[in-house]
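S.K.: Have a look at this one before I ask anything.
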Amino acid sequence: RSTTILDIETGNVVWKAKNLPPDPQTLLQQPIWSTSLLFLKDSQTMASGEAYKQVRLYDVRADSKTRRPISFTPEGLLSHRVTALCQVDEYHLVVGDAAGELLSLDTRILGKKQKTSKSATLGRYPGPGGSIRQIKRHESLPLLAVVGLDRMLRTYDIRKRKQVDCIYLKQRLNCVLFGNDGTWSSSGKDSEMDGGMLIDDDGDIDQEDNVQDYVDSEDEDGNDGDSAVDQDTEEADHDQKESDQDGSIEDAASQDSDDDEEESEETSDEDVGSDED
């Protein structure tokens, strides 16, 4: 399980790592199981994360005289299997493990002894609650993106190791990538760069989002149809009321005419009776 570098064109092995010397007391060889690899920016050093709670640095130059690790983390510094590595600057390395711990290491302090001081760790990034799968640094801004099995996408300020944002993405995540379309640049007037960081004017990252009620287009069409039907119904009712009023007026007029006819008939009967007398 030793780390091996191959030539892509020829498929030949150009470099192969060697394990650490056996323990002088027990004469037991330390187990090797590389779970994460990263070429550092100088292209001469490679970092290897081990399943046995260790990070090793190798000199991978073709003319290098050693194949053994040039430095590694001491025992007890890491508590779980290493799953992700990311270089944030020349000497700082961010390590993620299977338990969700995110540590920042100083590669200058790492030594060649198992009992090296634990001061190599610079601090811990808070937040992740599941196995970390990938760590990515922004090319120009001091931002770090982390994804893992807790289904969260988290971004951090590298300088303060403070969480900037956290988004729930519903699925177990394995990869993350920053886009180069200028989304993170300060092009808008509502935001400004503070030492390379994109922040809001109020500076409050915990503020609540303004959420508007979602209205479906079908509902809008249905509401428009209902309003049209209601309007037609109101117009029909109004016409019915007017027709009823007109009918009542005609009934009253006919009633008055009937009364006048009855009065005229009574008058004519009285006149006939008086003539007979």
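For the structure tokens, the naming scheme is as follows: chains receive sequential letters (A, B, ...) according to their order of presentation, residues are indexed from 1 within each chain, and ligands are indexed from 1 in presentation order.
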Which residues, written as a ChimeraX atom specification, have at least one atom at most 10 Å from region 12-17 of chain A, with only C-alpha atoms counted and residues fewer than 6 positions away on the same chain left out?
M.R.: /A:1-6,58-64,66-69
S.K.: So that I can see what lies close to Arg154 (chain A), please list as number ranges by chain the residues with an atom at most 7 Å from it, counting only C-alpha atoms and leaving out residues fewer than 6 positions away in the same chain.
M.R.: A: 145-147, 165-167
S.K.: Grab the CA of Leu93 (chain A) to CA of His138 (chain A) distance for me, in Å with one decimal place.
M.R.: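 Taking CA of Leu93 (chain A) as the start and CA of His138 (chain A) as the end point, the length is 14.3 Å.
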S.K.: Find the residues of region 85-187 of chain A that sit at most 9 Å from region 25-41 of chain A; for each, write down the nearest two atoms and how far apart they are in Å, to one decimal. Count only C-alpha atoms. Sort by chain, then by number going up, and give it as JSON lines.
M.R.:
{"residue": "A:Leu85", "atom": "CA", "partner": "A:Leu38", "partner_atom": "CA", "distance": 6.5}
{"residue": "A:Cys86", "atom": "CA", "partner": "A:Leu38", "partner_atom": "CA", "distance": 7.2}
{"residue": "A:Gln87", "atom": "CA", "partner": "A:Leu40", "partner_atom": "CA", "distance": 6.8}
{"residue": "A:Asp89", "atom": "CA", "partner": "A:Lys41", "partner_atom": "CA", "distance": 8.6}
{"residue": "A:Glu90", "atom": "CA", "partner": "A:Lys41", "partner_atom": "CA", "distance": 7.3}
S.K.: Between CA of Thr107 (chain A) and CA of Pro24 (chain A), what is the spacing in Å?
M.R.: 25.8 Å
S.K.: Here is a test: counting only C-alpha atoms, which residue of A:Leu141, A:Gln134, A:Gln163, A:Arg56 is nearest to Leu177 (chain A)?
M.R.: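 Under the stated criterion, the closest residue is A:Gln134.
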